[in-house]
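Structure data follow from target-v7.cif (mmCIF, C-alpha atoms):
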data_start
#
loop_
_atom_site.label_atom_id
_atom_site.label_comp_id
_atom_site.auth_asym_id
_atom_site.auth_seq_id
_atom_site.Cartn_x
_atom_site.Cartn_y
_atom_site.Cartn_z
CA MET H 27 12.83 -16.46 5.72
CA SER H 28 9.90 -17.60 7.76
CA GLY H 29 6.34 -17.86 6.54
CA LEU H 30 3.79 -15.12 7.08
CA LEU H 31 0.75 -15.78 9.26
CA PRO H 32 -2.42 -16.14 7.19
CA ARG H 33 -4.34 -12.87 7.19
CA ASN H 34 -7.46 -12.79 9.33
CA ARG H 35 -9.70 -11.23 6.69
CA ALA H 36 -12.51 -10.75 9.23
CA LEU H 37 -10.48 -7.88 10.67
CA HIS H 38 -10.47 -6.03 7.35
CA PRO H 39 -13.28 -4.44 5.36
CA PRO H 40 -14.94 -6.74 2.83
CA ALA H 41 -14.17 -5.74 -0.76
CA LEU H 42 -17.76 -4.78 -1.53
CA THR H 43 -19.22 -2.22 0.87
CA PRO H 44 -22.05 -0.58 -1.10
CA GLU H 45 -22.44 2.31 1.36
CA TYR H 46 -19.00 3.38 0.12
CA ARG H 47 -20.18 3.82 -3.42
CA SER H 48 -16.85 3.52 -5.23
CA THR H 49 -16.54 -0.14 -4.19
CA ARG H 50 -19.57 -1.14 -6.26
CA LEU H 51 -17.67 -1.31 -9.53
CA ARG H 52 -14.19 -1.76 -8.08
CA ALA H 53 -14.59 -4.61 -5.61
CA PRO H 54 -13.49 -7.99 -6.96
CA LEU H 55 -16.56 -10.22 -6.63
CA ARG H 56 -14.86 -13.62 -6.70
CA PRO H 57 -13.23 -15.04 -3.58
CA LEU H 58 -9.51 -14.45 -3.07
CA VAL H 59 -7.32 -17.48 -3.72
CA ALA H 60 -5.83 -18.20 -0.29
CA LEU H 61 -2.40 -19.86 -0.17
CA PRO H 62 0.48 -20.06 2.30
CA SER H 63 3.09 -17.36 1.74
CA THR H 64 6.08 -17.96 -0.51
CA LEU H 65 9.46 -16.30 -0.95
CA SER H 66 7.69 -13.69 -3.10
CA GLU H 67 5.69 -12.44 -0.09
CA GLU H 68 8.29 -13.13 2.61
CA THR H 69 10.90 -10.89 0.99
CA GLY H 70 10.47 -7.22 0.27
CA PRO H 71 12.20 -3.93 -0.44
CA VAL H 72 14.54 -2.49 2.17
CA PHE H 73 14.69 1.22 2.96
CA GLY H 74 17.53 2.99 4.74
CA HIS H 75 18.01 6.29 6.54
CA GLY H 76 20.22 7.43 3.67
CA MET H 77 17.07 7.60 1.53
CA LEU H 78 15.39 10.19 3.78
CA GLU H 79 15.83 13.94 4.22
CA PRO H 80 16.05 15.39 7.75
CA ASN H 81 12.67 17.18 7.51
CA ASP H 82 10.74 14.38 5.82
CA SER H 83 8.77 13.64 9.02
CA ASP H 84 7.95 17.31 9.77
CA LEU H 85 4.99 18.21 7.57
CA ILE H 86 4.83 21.70 9.08
CA VAL H 87 8.06 22.76 7.41
CA ASN H 88 8.92 20.08 4.82
CA PHE H 89 7.32 21.86 1.87
CA THR H 90 8.69 25.41 1.81
CA GLY H 91 10.42 25.83 5.16
CA THR H 92 7.80 28.38 6.25
CA PRO H 93 5.42 26.86 8.84
CA ALA H 94 2.06 25.59 7.58
CA LEU H 95 -1.22 26.94 8.99
CA GLY H 96 -3.19 24.87 11.47
CA GLU H 97 -3.24 23.21 14.85
CA ARG H 98 0.18 21.73 15.55
CA VAL H 99 0.05 18.03 16.43
CA ILE H 100 2.58 15.29 17.08
CA VAL H 101 1.45 11.90 15.76
CA HIS H 102 3.50 9.05 17.15
CA GLY H 103 3.30 5.40 18.05
CA GLN H 104 4.82 1.97 17.70
CA VAL H 105 4.70 -0.56 14.88
CA ARG H 106 4.54 -4.17 16.00
CA ASP H 107 3.65 -7.50 14.44
CA GLU H 108 0.86 -9.83 15.55
CA ASP H 109 3.20 -11.42 18.10
CA ALA H 110 3.74 -7.97 19.66
CA ARG H 111 7.32 -7.80 18.41
CA ALA H 112 8.52 -4.32 17.50
CA ILE H 113 9.26 -3.82 13.79
CA PRO H 114 12.36 -1.65 13.37
CA GLY H 115 13.21 0.00 10.06
CA ALA H 116 9.61 -0.01 8.82
CA LEU H 117 8.95 2.68 6.21
CA ILE H 118 5.89 4.78 7.08
CA GLU H 119 4.57 7.25 4.53
CA ILE H 120 1.64 9.53 5.35
CA TRP H 121 -0.51 11.99 3.42
CA GLN H 122 -3.38 14.24 4.40
CA ALA H 123 -5.51 17.30 3.68
CA ASN H 124 -4.47 20.68 5.04
CA ALA H 125 -6.09 22.36 8.05
CA GLY H 126 -8.99 23.49 5.85
CA GLY H 127 -9.68 20.01 4.47
CA ARG H 128 -8.08 20.53 1.06
CA TYR H 129 -5.57 18.21 -0.61
CA ARG H 130 -2.72 19.38 -2.76
CA HIS H 131 -3.97 17.28 -5.66
CA LYS H 132 -5.09 18.30 -9.13
CA ASN H 133 -8.30 16.28 -8.72
CA ASP H 134 -9.35 18.03 -5.48
CA SER H 135 -11.43 21.15 -6.17
CA TYR H 136 -12.93 21.71 -2.70
CA LEU H 137 -13.77 25.32 -1.73
CA ALA H 138 -11.18 25.46 1.04
CA PRO H 139 -7.94 27.04 -0.18
CA LEU H 140 -4.54 25.44 -0.50
CA ASP H 141 -1.97 26.49 2.07
CA PRO H 142 1.08 27.56 0.07
CA ASN H 143 3.31 26.18 2.81
CA PHE H 144 1.70 22.79 3.25
CA GLY H 145 2.57 19.91 0.93
CA GLY H 146 0.62 17.24 2.79
CA ALA H 147 2.99 14.26 2.92
CA GLY H 148 5.72 12.91 5.17
CA ARG H 149 7.77 9.78 5.66
CA THR H 150 9.98 8.16 8.27
CA LEU H 151 11.52 4.86 9.37
CA THR H 152 10.70 3.25 12.70
CA ASP H 153 13.56 3.16 15.21
CA ASP H 154 15.00 0.05 16.86
CA GLN H 155 11.93 -0.10 19.14
CA GLY H 156 9.54 0.18 16.21
CA ARG H 157 8.65 3.75 17.20
CA TYR H 158 7.86 6.62 14.85
CA ARG H 159 6.96 10.29 15.18
CA PHE H 160 5.57 12.92 12.82
CA LEU H 161 4.92 16.62 13.38
CA THR H 162 2.01 17.93 11.33
CA VAL H 163 -1.15 20.03 11.44
CA ARG H 164 -4.54 18.58 12.24
CA PRO H 165 -6.24 17.90 8.89
CA GLY H 166 -9.68 19.40 8.34
CA ALA H 167 -12.82 17.38 7.69
CA TYR H 168 -14.19 17.75 4.17
CA PRO H 169 -17.23 16.78 2.07
CA TRP H 170 -16.93 14.16 -0.65
CA PRO H 171 -19.17 12.83 -3.41
CA ASN H 172 -20.82 9.60 -2.29
CA GLY H 173 -24.45 10.23 -3.16
CA GLY H 174 -25.39 12.24 -0.08
CA ASN H 175 -24.22 14.73 2.53
CA ASN H 176 -21.03 12.79 3.22
CA TRP H 177 -18.08 14.18 5.15
CA ARG H 178 -14.75 12.53 5.82
CA PRO H 179 -13.67 12.70 9.46
CA MET H 180 -10.30 14.26 10.14
CA HIS H 181 -7.83 11.59 9.02
CA ILE H 182 -4.28 10.85 7.95
CA HIS H 183 -3.48 8.14 5.38
CA PHE H 184 -0.77 5.68 6.47
CA SER H 185 1.27 3.37 4.21
CA LEU H 186 3.48 0.76 5.87
CA PHE H 187 6.09 -1.78 4.85
CA GLY H 188 7.22 -4.66 7.03
CA ALA H 189 10.09 -6.93 6.05
CA GLY H 190 8.00 -8.84 3.51
CA PHE H 191 5.95 -7.56 0.57
CA GLY H 192 3.05 -9.65 1.89
CA GLN H 193 2.90 -7.49 5.04
CA ARG H 194 2.09 -4.39 3.02
CA LEU H 195 -0.65 -2.29 4.62
CA ILE H 196 -2.36 0.97 3.71
CA THR H 197 -4.82 2.40 6.18
CA GLN H 198 -6.12 5.63 7.73
CA MET H 199 -5.78 7.16 11.18
CA TYR H 200 -8.64 9.03 12.81
CA PHE H 201 -8.72 11.39 15.81
CA GLU H 202 -10.26 10.50 19.16
CA GLY H 203 -13.61 12.15 19.76
CA ASP H 204 -14.43 13.00 16.14
CA PRO H 205 -18.22 12.54 15.74
CA LEU H 206 -17.85 12.12 11.97
CA ILE H 207 -16.16 8.70 12.37
CA ALA H 208 -19.47 7.04 13.16
CA LEU H 209 -21.09 8.68 10.13
CA CYS H 210 -18.37 7.93 7.56
CA PRO H 211 -19.09 5.16 5.03
CA ILE H 212 -15.35 4.60 4.56
CA ALA H 213 -14.46 4.41 8.26
CA GLN H 214 -17.47 2.15 8.78
CA THR H 215 -16.28 -0.39 6.20
CA VAL H 216 -14.21 -1.91 9.03
CA PRO H 217 -16.28 -4.74 10.56
CA GLU H 218 -17.55 -4.92 14.11
CA GLY H 219 -16.27 -1.72 15.60
CA GLY H 220 -12.71 -2.49 14.53
CA VAL H 221 -12.39 1.10 13.36
CA ASP H 222 -11.69 1.88 17.00
CA ARG H 223 -8.18 0.49 16.42
CA LEU H 224 -7.65 3.18 13.80
CA VAL H 225 -8.50 5.99 16.22
CA ALA H 226 -5.47 7.79 17.66
CA ARG H 227 -5.73 8.73 21.35
CA LEU H 228 -5.04 12.16 22.73
CA ASP H 229 -1.70 11.84 24.53
CA MET H 230 -1.13 14.72 26.93
CA ASP H 231 2.08 13.11 28.26
CA THR H 232 3.68 13.63 24.86
CA ALA H 233 2.07 16.99 24.08
CA ILE H 234 4.56 19.84 24.34
CA PRO H 235 3.31 22.78 26.46
CA MET H 236 2.90 25.99 24.44
CA ASP H 237 3.85 24.09 21.26
CA ALA H 238 1.95 21.00 20.04
CA LEU H 239 -0.77 18.56 21.05
CA ALA H 240 -0.02 14.87 20.63
CA TYR H 241 -1.90 11.79 19.45
CA ARG H 242 -0.78 8.19 19.80
CA PHE H 243 -1.45 5.69 17.03
CA ASP H 244 -0.04 2.16 17.34
CA ILE H 245 -0.07 -0.08 14.29
CA VAL H 246 0.02 -3.88 13.96
CA LEU H 247 1.33 -5.54 10.81
CA ARG H 248 0.81 -9.12 9.71
CA GLY H 249 3.13 -11.44 11.62
CA ARG H 250 5.54 -14.22 10.84
CA ASP H 251 4.93 -17.85 11.60
CA GLN H 252 7.19 -19.02 14.43
CA THR H 253 6.43 -22.67 13.74
CA MET H 254 7.18 -22.46 10.04
CA PHE H 255 9.52 -25.43 10.19
CA GLU H 256 6.85 -27.90 11.27
CA ASN H 257 4.15 -26.45 9.07
CA CYS H 258 6.33 -26.45 6.01
CA LYS H 259 6.01 -30.19 5.46
CA GLU H 260 2.25 -30.01 5.44
CA GLY H 261 2.12 -26.84 3.38
CA LEU H 262 1.37 -26.57 -0.29
CA MET S 16 2.95 -17.83 24.62
CA THR S 17 3.34 -14.18 23.82
CA GLU S 18 0.55 -11.67 23.51
CA ARG S 19 -1.29 -11.90 20.18
CA LEU S 20 -2.39 -8.64 18.58
CA PRO S 21 -4.93 -8.20 15.77
CA GLU S 22 -3.56 -6.76 12.53
CA SER S 23 -4.58 -3.12 12.01
CA PRO S 24 -7.55 -2.91 9.64
CA SER S 25 -6.97 -1.75 6.08
CA GLN S 26 -8.61 1.35 4.62
CA THR S 27 -8.76 2.54 1.05
CA ALA S 28 -5.78 4.52 -0.22
CA GLY S 29 -8.35 6.91 -1.71
CA PRO S 30 -8.07 9.09 -4.80
CA TYR S 31 -5.16 11.19 -3.52
CA VAL S 32 -2.65 8.40 -2.91
CA HIS S 33 -0.21 10.12 -5.29
CA ILE S 34 0.50 12.91 -2.81
CA GLY S 35 1.84 10.48 -0.28
CA LEU S 36 3.60 7.92 -2.43
CA VAL S 37 4.58 9.52 -5.75
CA PRO S 38 4.28 13.31 -5.35
CA ASN S 39 6.80 14.05 -8.10
CA LEU S 40 4.80 11.98 -10.60
CA LEU S 41 1.81 14.19 -9.74
CA GLY S 42 3.88 17.30 -10.38
CA ILE S 43 4.33 18.24 -6.72
CA SER S 44 7.95 19.21 -6.40
CA GLY S 45 9.34 20.47 -3.11
CA LEU S 46 8.37 17.56 -0.90
CA TYR S 47 10.95 14.95 -1.84
CA PRO S 48 13.88 15.08 -4.26
CA HIS S 49 12.86 11.68 -5.69
CA ASP S 50 9.85 9.40 -5.40
CA PHE S 51 10.60 5.96 -4.02
CA GLY S 52 10.21 3.09 -6.46
CA ALA S 53 10.96 5.06 -9.61
CA SER S 54 12.62 1.97 -11.15
CA PRO S 55 13.12 -1.67 -10.10
CA ILE S 56 16.51 -1.82 -11.83
CA LYS S 57 19.71 0.20 -12.07
CA ASN S 58 22.17 0.47 -14.91
CA GLY S 59 23.95 -2.82 -15.38
CA ALA S 60 21.10 -5.07 -14.25
CA MET S 61 21.56 -8.51 -15.79
CA GLY S 62 18.87 -10.16 -17.86
CA GLU S 63 16.42 -9.42 -20.63
CA LYS S 64 15.04 -5.89 -20.65
CA ILE S 65 11.27 -5.99 -20.86
CA ARG S 66 8.35 -3.57 -20.85
CA ILE S 67 4.95 -4.46 -19.42
CA VAL S 68 2.02 -2.17 -20.21
CA GLY S 69 -1.63 -2.35 -19.28
CA ASN S 70 -4.82 -0.84 -17.92
CA VAL S 71 -6.90 -1.37 -14.82
CA LEU S 72 -10.63 -1.71 -15.55
CA ASP S 73 -13.71 -1.52 -13.33
CA GLY S 74 -16.93 -3.55 -13.56
CA ASP S 75 -18.23 -1.35 -16.37
CA GLY S 76 -15.02 -1.74 -18.34
CA THR S 77 -14.11 1.87 -17.58
CA LEU S 78 -10.41 2.62 -17.25
CA ILE S 79 -9.34 3.40 -13.69
CA ARG S 80 -7.16 6.50 -13.74
CA ASP S 81 -6.35 6.79 -10.05
CA ALA S 82 -4.76 3.42 -9.31
CA LEU S 83 -1.31 2.85 -7.86
CA LEU S 84 0.53 -0.42 -8.44
CA GLU S 85 3.58 -1.65 -6.61
CA THR S 86 5.61 -4.45 -8.13
CA TRP S 87 8.14 -6.78 -6.52
CA GLN S 88 10.27 -9.29 -8.37
CA ALA S 89 13.40 -11.40 -8.36
CA ASP S 90 16.49 -10.81 -10.48
CA ALA S 91 17.21 -12.68 -13.70
CA GLY S 92 18.67 -15.56 -11.67
CA GLY S 93 15.52 -15.87 -9.55
CA ARG S 94 17.08 -14.30 -6.45
CA TYR S 95 15.24 -11.67 -4.48
CA PRO S 96 17.10 -8.46 -3.65
CA GLY S 97 18.62 -8.74 -0.22
CA THR S 98 19.16 -12.48 -0.48
CA GLU S 99 22.53 -14.11 -1.06
CA GLY S 100 24.01 -13.72 -4.51
CA ALA S 101 21.31 -11.34 -5.75
CA ASP S 102 22.14 -8.92 -8.58
CA PRO S 103 23.10 -5.64 -6.83
CA ASN S 104 21.62 -3.70 -9.74
CA VAL S 105 18.14 -5.06 -9.20
CA THR S 106 16.17 -3.33 -6.45
CA GLY S 107 13.14 -5.37 -7.46
CA TRP S 108 10.48 -2.93 -6.31
CA ALA S 109 8.64 -0.24 -8.25
CA ARG S 110 5.69 2.09 -7.95
CA ARG S 111 3.61 2.77 -11.04
CA ILE S 112 0.38 4.70 -11.50
CA THR S 113 -2.33 4.49 -14.09
CA ASP S 114 -1.96 7.77 -15.94
CA LEU S 115 -4.45 10.38 -14.74
CA LYS S 116 -5.45 11.09 -18.35
CA THR S 117 -4.88 7.92 -20.38
CA GLY S 118 -5.31 5.29 -17.66
CA ALA S 119 -2.26 3.37 -18.89
CA TRP S 120 0.50 2.03 -16.67
CA GLN S 121 3.91 0.81 -17.76
CA LEU S 122 6.78 -1.03 -16.10
CA ASP S 123 10.28 -1.14 -17.56
CA THR S 124 12.30 -3.87 -15.90
CA ILE S 125 14.20 -7.10 -16.50
CA LYS S 126 12.52 -10.43 -16.79
CA PRO S 127 12.75 -12.24 -13.45
CA GLY S 128 13.98 -15.81 -13.20
CA ALA S 129 12.09 -18.74 -11.71
CA VAL S 130 12.01 -18.60 -7.91
CA PRO S 131 12.19 -21.44 -5.38
CA GLY S 132 8.70 -22.33 -4.22
CA PRO S 133 7.04 -24.64 -1.73
CA ASP S 134 8.32 -28.18 -1.24
CA GLY S 135 11.28 -27.77 -3.54
CA ALA S 136 9.08 -26.85 -6.50
CA SER S 137 9.96 -23.89 -8.67
CA MET S 138 7.62 -20.91 -9.20
CA ALA S 139 7.49 -19.73 -12.81
CA PRO S 140 8.96 -16.27 -13.48
CA HIS S 141 6.54 -13.69 -12.14
CA VAL S 142 6.16 -10.15 -10.85
CA SER S 143 4.08 -9.69 -7.68
CA VAL S 144 1.61 -6.80 -7.66
CA PHE S 145 -0.02 -4.81 -4.85
CA LEU S 146 -2.83 -2.65 -6.22
CA VAL S 147 -4.67 0.20 -4.47
CA ALA S 148 -7.15 2.88 -5.56
CA ARG S 149 -10.28 4.68 -4.47
CA GLY S 150 -12.96 2.03 -3.98
CA ILE S 151 -10.47 -0.72 -3.08
CA ASN S 152 -10.80 -1.26 0.68
CA THR S 153 -7.84 -3.61 1.07
CA GLY S 154 -4.84 -3.60 -1.26
CA LEU S 155 -5.15 -6.37 -3.85
CA GLN S 156 -2.44 -8.99 -4.39
CA THR S 157 -1.95 -10.52 -7.80
CA ARG S 158 0.90 -11.79 -10.00
CA ILE S 159 2.07 -11.20 -13.54
CA TYR S 160 3.27 -14.35 -15.32
CA PHE S 161 4.61 -14.47 -18.87
CA ALA S 162 2.99 -16.11 -21.90
CA ASP S 163 6.33 -17.27 -23.31
CA GLU S 164 7.02 -19.38 -20.21
CA ALA S 165 4.36 -21.99 -20.94
CA ARG S 166 6.29 -24.96 -19.53
CA ALA S 167 7.28 -23.19 -16.33
CA ASN S 168 3.77 -21.80 -15.98
CA ALA S 169 2.24 -25.25 -16.28
CA ALA S 170 4.48 -26.50 -13.46
CA CYS S 171 4.11 -23.49 -11.16
CA PRO S 172 2.63 -24.53 -7.80
CA ILE S 173 0.97 -21.13 -7.33
CA LEU S 174 -0.34 -20.48 -10.82
CA SER S 175 -1.87 -23.97 -10.84
CA LYS S 176 -3.92 -23.04 -7.76
CA ALA S 177 -5.48 -20.03 -9.49
CA ASP S 178 -9.03 -20.78 -10.65
CA ARG S 179 -8.55 -18.54 -13.71
CA PRO S 180 -4.81 -18.78 -14.49
CA ASP S 181 -5.23 -17.12 -17.89
CA THR S 182 -6.02 -13.84 -16.12
CA LEU S 183 -2.50 -13.88 -14.63
CA ILE S 184 -0.54 -14.35 -17.84
CA ALA S 185 0.82 -11.30 -19.63
CA ARG S 186 0.39 -11.52 -23.39
CA GLN S 187 3.55 -11.09 -25.45
CA THR S 188 3.07 -8.37 -28.07
CA ALA S 189 6.65 -8.20 -29.40
CA PRO S 190 10.04 -9.47 -28.25
CA GLY S 191 10.49 -8.08 -24.72
CA ALA S 192 7.04 -6.46 -24.73
CA TYR S 193 4.04 -7.65 -22.77
CA ARG S 194 0.50 -6.54 -22.05
CA PHE S 195 -1.22 -7.19 -18.71
CA ASP S 196 -4.66 -5.75 -17.99
CA ILE S 197 -6.20 -5.99 -14.54
CA ARG S 198 -9.98 -6.42 -14.42
CA LEU S 199 -11.60 -5.85 -11.06
CA GLN S 200 -14.93 -7.43 -12.00
CA GLY S 201 -16.63 -9.24 -14.86
CA PRO S 202 -16.24 -12.60 -16.63
CA ASP S 203 -12.49 -12.06 -16.95
CA GLU S 204 -12.02 -10.78 -13.41
CA THR S 205 -8.33 -11.05 -12.52
CA THR S 206 -7.40 -13.68 -9.96
CA PHE S 207 -6.49 -12.03 -6.68
CA PHE S 208 -4.61 -13.85 -3.96
CA ASP S 209 -4.67 -13.94 -0.20
CA ILE S 210 -1.10 -15.13 0.13
#
Could you write out this file's structure as structure tokens?
Amino acid sequence: MSGLLPRNRALHPPALTPEYRSTRLRAPLRPLVALPSTLSEETGPVFGHGMLEPNDSDLIVNFTGTPALGERVIVHGQVRDEDARAIPGALIEIWQANAGGRYRHKNDSYLAPLDPNFGGAGRTLTDDQGRYRFLTVRPGAYPWPNGGNNWRPMHIHFSLFGAGFGQRLITQMYFEGDPLIALCPIAQTVPEGGVDRLVARLDMDTAIPMDALAYRFDIVLRGRDQTMFENCKEGL
Amino acid sequence: MTERLPESPSQTAGPYVHIGLVPNLLGISGLYPHDFGASPIKNGAMGEKIRIVGNVLDGDGTLIRDALLETWQADAGGRYPGTEGADPNVTGWARRITDLKTGAWQLDTIKPGAVPGPDGASMAPHVSVFLVARGINTGLQTRIYFADEARANAACPILSKADRPDTLIARQTAPGAYRFDIRLQGPDETTFFDI
């Protein structure tokens, strides 16, 4: 096992972002205790293809078998670490609203109807080049309670595992050209325009004529220290 | 020197995290036959069976009912799953939610052993936690230690770095039963790590 690179917290949203109202009572207010990684962060659960069903990555048919309503889109990309090395076998789980902006969740009571054929989740493992691909429908934008006229941009939630539990990342993917990104208090929690790295690009080379548009979304997970051996002696 | 890439920024898991990660727990059947992380152990896992229960509380002391916790731990011998000699009946990883009505979470597992730590030191038995919810922008890392491991806790090179170590120690309520509450703010705010 090699050590994990310290996280550059300046790339991530601060815990307290008052414009996103829910953080006000849920953001830890004391500083994080920063330490070099240990075996507990450098190891992690392993997932295999035997744990997946063939249609898990096709959200259009993985709920009932009958195609879901909405604009058909391929979402694909590559998962790499901070040293640009592909991460094979990474579990990616996604969830999203349907084409009308409604989640299949008992706490979502938005006016838009459920689609009886859309569950709203998918999962896959990256291949030996770190690549992944989902087929889904473009999620709708929707309003949410944040003290004003707030709308979430079209987005897909992404959950990722690297090889170590300390590489765990949950984030959101947005769609190129969506004017709501700049207005969203959640998207704008990311400092200094970094939200741009969460915006998937329209990818006409991958789009399938008369079938589906495509968006490309590459993801970078926390890396591993290549000079662990030297650093170890000066560590903790 | 190879190209260096910035880590992708985190975003909140939001209030609907259950759809993606534990749909069956939410009552959505039809997506997956089983949720991942239903249990960190299989039949035959060696070690003491334990149950950890708790709540997650916000700055007003209100129970958070939309949190998801992932836990990762070693086997009873202190070996992580996937490493040499590890107990094949310990998968080590679990997903738990705070109940949508009661706000309680519960983990049934085996007590982990002490794990090798930095510089040949030993880390006291612990369960690592990754916590997400609406209003949490970046998943929070913390650890559950055990009150009945006072000597090991005192010598743990990680626990000793925590400014409020008491917030990381699960209280023993009965043999094999522990309580661990996570407080996001306030005088007893849980210690969270960047590790």
Each residue of chain S with at least one atom at most 7 Å from chain H should appear once, together with its nearest atom pair and the corresponding distance in Å (one decimal); atoms considered: all atoms listed in the file; ordering: chain, then increasing residue number; output as JSON lines.
{"residue": "S:Thr17", "atom": "CA", "partner": "H:Asp109", "partner_atom": "CA", "distance": 6.4}
{"residue": "S:Glu18", "atom": "CA", "partner": "H:Asp109", "partner_atom": "CA", "distance": 6.0}
{"residue": "S:Arg19", "atom": "CA", "partner": "H:Asp109", "partner_atom": "CA", "distance": 5.0}
{"residue": "S:Leu20", "atom": "CA", "partner": "H:Glu108", "partner_atom": "CA", "distance": 4.6}
{"residue": "S:Pro21", "atom": "CA", "partner": "H:Glu108", "partner_atom": "CA", "distance": 6.0}
{"residue": "S:Glu22", "atom": "CA", "partner": "H:Val246", "partner_atom": "CA", "distance": 4.8}
{"residue": "S:Ser23", "atom": "CA", "partner": "H:Val246", "partner_atom": "CA", "distance": 5.1}
{"residue": "S:Pro24", "atom": "CA", "partner": "H:His38", "partner_atom": "CA", "distance": 4.8}
{"residue": "S:Ser25", "atom": "CA", "partner": "H:Thr197", "partner_atom": "CA", "distance": 4.7}
{"residue": "S:Gln26", "atom": "CA", "partner": "H:Thr197", "partner_atom": "CA", "distance": 4.2}
{"residue": "S:Thr27", "atom": "CA", "partner": "H:Thr197", "partner_atom": "CA", "distance": 6.5}
{"residue": "S:Ala28", "atom": "CA", "partner": "H:Ile196", "partner_atom": "CA", "distance": 6.3}
{"residue": "S:Tyr31", "atom": "CA", "partner": "H:His131", "partner_atom": "CA", "distance": 6.6}
{"residue": "S:Ile34", "atom": "CA", "partner": "H:Trp121", "partner_atom": "CA", "distance": 6.4}
{"residue": "S:Gly35", "atom": "CA", "partner": "H:Trp121", "partner_atom": "CA", "distance": 4.6}
{"residue": "S:Gly45", "atom": "CA", "partner": "H:Phe89", "partner_atom": "CA", "distance": 5.6}
{"residue": "S:Leu46", "atom": "CA", "partner": "H:Phe89", "partner_atom": "CA", "distance": 5.2}
{"residue": "S:Asp73", "atom": "CA", "partner": "H:Arg52", "partner_atom": "CA", "distance": 5.3}
{"residue": "S:Gly74", "atom": "CA", "partner": "H:Leu51", "partner_atom": "CA", "distance": 4.7}
{"residue": "S:Asp75", "atom": "CA", "partner": "H:Leu51", "partner_atom": "CA", "distance": 6.9}
{"residue": "S:Trp108", "atom": "CA", "partner": "H:Pro71", "partner_atom": "CA", "distance": 6.2}
{"residue": "S:Gly132", "atom": "CA", "partner": "H:Thr64", "partner_atom": "CA", "distance": 6.3}
{"residue": "S:Pro133", "atom": "CA", "partner": "H:Leu262", "partner_atom": "CA", "distance": 6.2}
{"residue": "S:Arg149", "atom": "CA", "partner": "H:Ser48", "partner_atom": "CA", "distance": 6.7}
{"residue": "S:Gly150", "atom": "CA", "partner": "H:Thr49", "partner_atom": "CA", "distance": 4.2}
{"residue": "S:Ile151", "atom": "CA", "partner": "H:Thr49", "partner_atom": "CA", "distance": 6.2}
{"residue": "S:Asn152", "atom": "CA", "partner": "H:Ala41", "partner_atom": "CA", "distance": 5.8}
{"residue": "S:Thr153", "atom": "CA", "partner": "H:Ala41", "partner_atom": "CA", "distance": 6.9}
{"residue": "S:Ala177", "atom": "CA", "partner": "H:Val59", "partner_atom": "CA", "distance": 6.6}
{"residue": "S:Leu199", "atom": "CA", "partner": "H:Pro54", "partner_atom": "CA", "distance": 5.0}
{"residue": "S:Gln200", "atom": "CA", "partner": "H:Pro54", "partner_atom": "CA", "distance": 5.3}
{"residue": "S:Phe207", "atom": "CA", "partner": "H:Leu58", "partner_atom": "CA", "distance": 5.3}
{"residue": "S:Phe208", "atom": "CA", "partner": "H:Val59", "partner_atom": "CA", "distance": 4.5}
{"residue": "S:Asp209", "atom": "CA", "partner": "H:Ala60", "partner_atom": "CA", "distance": 4.4}
{"residue": "S:Ile210", "atom": "CA", "partner": "H:Leu61", "partner_atom": "CA", "distance": 4.9}
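Using only C-alpha atoms, the nearest neighbour of H:Asn175 within the list H:Leu209, H:Ser135, H:Tyr241, H:Gly188 is H:Leu209.
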Original post:
Could you work out how far atom CA of S:Ile67 lies from atom CA of S:Ala192, giving the answer in Å with one decimal?
Top reply: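 Pair atom CA of S:Ala192 / atom CA of S:Ile67 returns 6.0 Å.
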Subject >> One-decimal distance in Å that lies between atom CA of S:Ser175 and atom CA of S:Ser137 >> reply: 12.0 Å
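Atom CA of S:Asp90 is positioned 29.5 Å from atom CA of H:Asp154.
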Shell of 10 Å around S:Tyr95, all atoms listed in the file, local chain residues under 2 positions omitted, as an mmCIF file with C-alpha atoms, in the frame of the given file:
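What follows is the written file part-v4.cif:
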data_model
loop_
_atom_site.group_PDB
_atom_site.id
_atom_site.type_symbol
_atom_site.label_atom_id
_atom_site.label_comp_id
_atom_site.auth_asym_id
_atom_site.auth_seq_id
_atom_site.Cartn_x
_atom_site.Cartn_y
_atom_site.Cartn_z
ATOM 1 C CA LEU H 65 9.460 -16.300 -0.950
ATOM 2 C CA SER H 66 7.690 -13.690 -3.100
ATOM 3 C CA THR H 69 10.900 -10.890 0.990
ATOM 4 C CA GLY H 70 10.470 -7.220 0.270
ATOM 5 C CA PRO H 71 12.200 -3.930 -0.440
ATOM 6 C CA TRP S 87 8.140 -6.780 -6.520
ATOM 7 C CA GLN S 88 10.270 -9.290 -8.370
ATOM 8 C CA ALA S 89 13.400 -11.400 -8.360
ATOM 9 C CA ASP S 90 16.490 -10.810 -10.480
ATOM 10 C CA ALA S 91 17.210 -12.680 -13.700
ATOM 11 C CA GLY S 92 18.670 -15.560 -11.670
ATOM 12 C CA GLY S 93 15.520 -15.870 -9.550
ATOM 13 C CA GLY S 97 18.620 -8.740 -0.220
ATOM 14 C CA THR S 98 19.160 -12.480 -0.480
ATOM 15 C CA GLU S 99 22.530 -14.110 -1.060
ATOM 16 C CA GLY S 100 24.010 -13.720 -4.510
ATOM 17 C CA ALA S 101 21.310 -11.340 -5.750
ATOM 18 C CA ASP S 102 22.140 -8.920 -8.580
ATOM 19 C CA VAL S 105 18.140 -5.060 -9.200
ATOM 20 C CA THR S 106 16.170 -3.330 -6.450
ATOM 21 C CA GLY S 107 13.140 -5.370 -7.460
ATOM 22 C CA PRO S 127 12.750 -12.240 -13.450
ATOM 23 C CA GLY S 128 13.980 -15.810 -13.200
ATOM 24 C CA VAL S 130 12.010 -18.600 -7.910
#
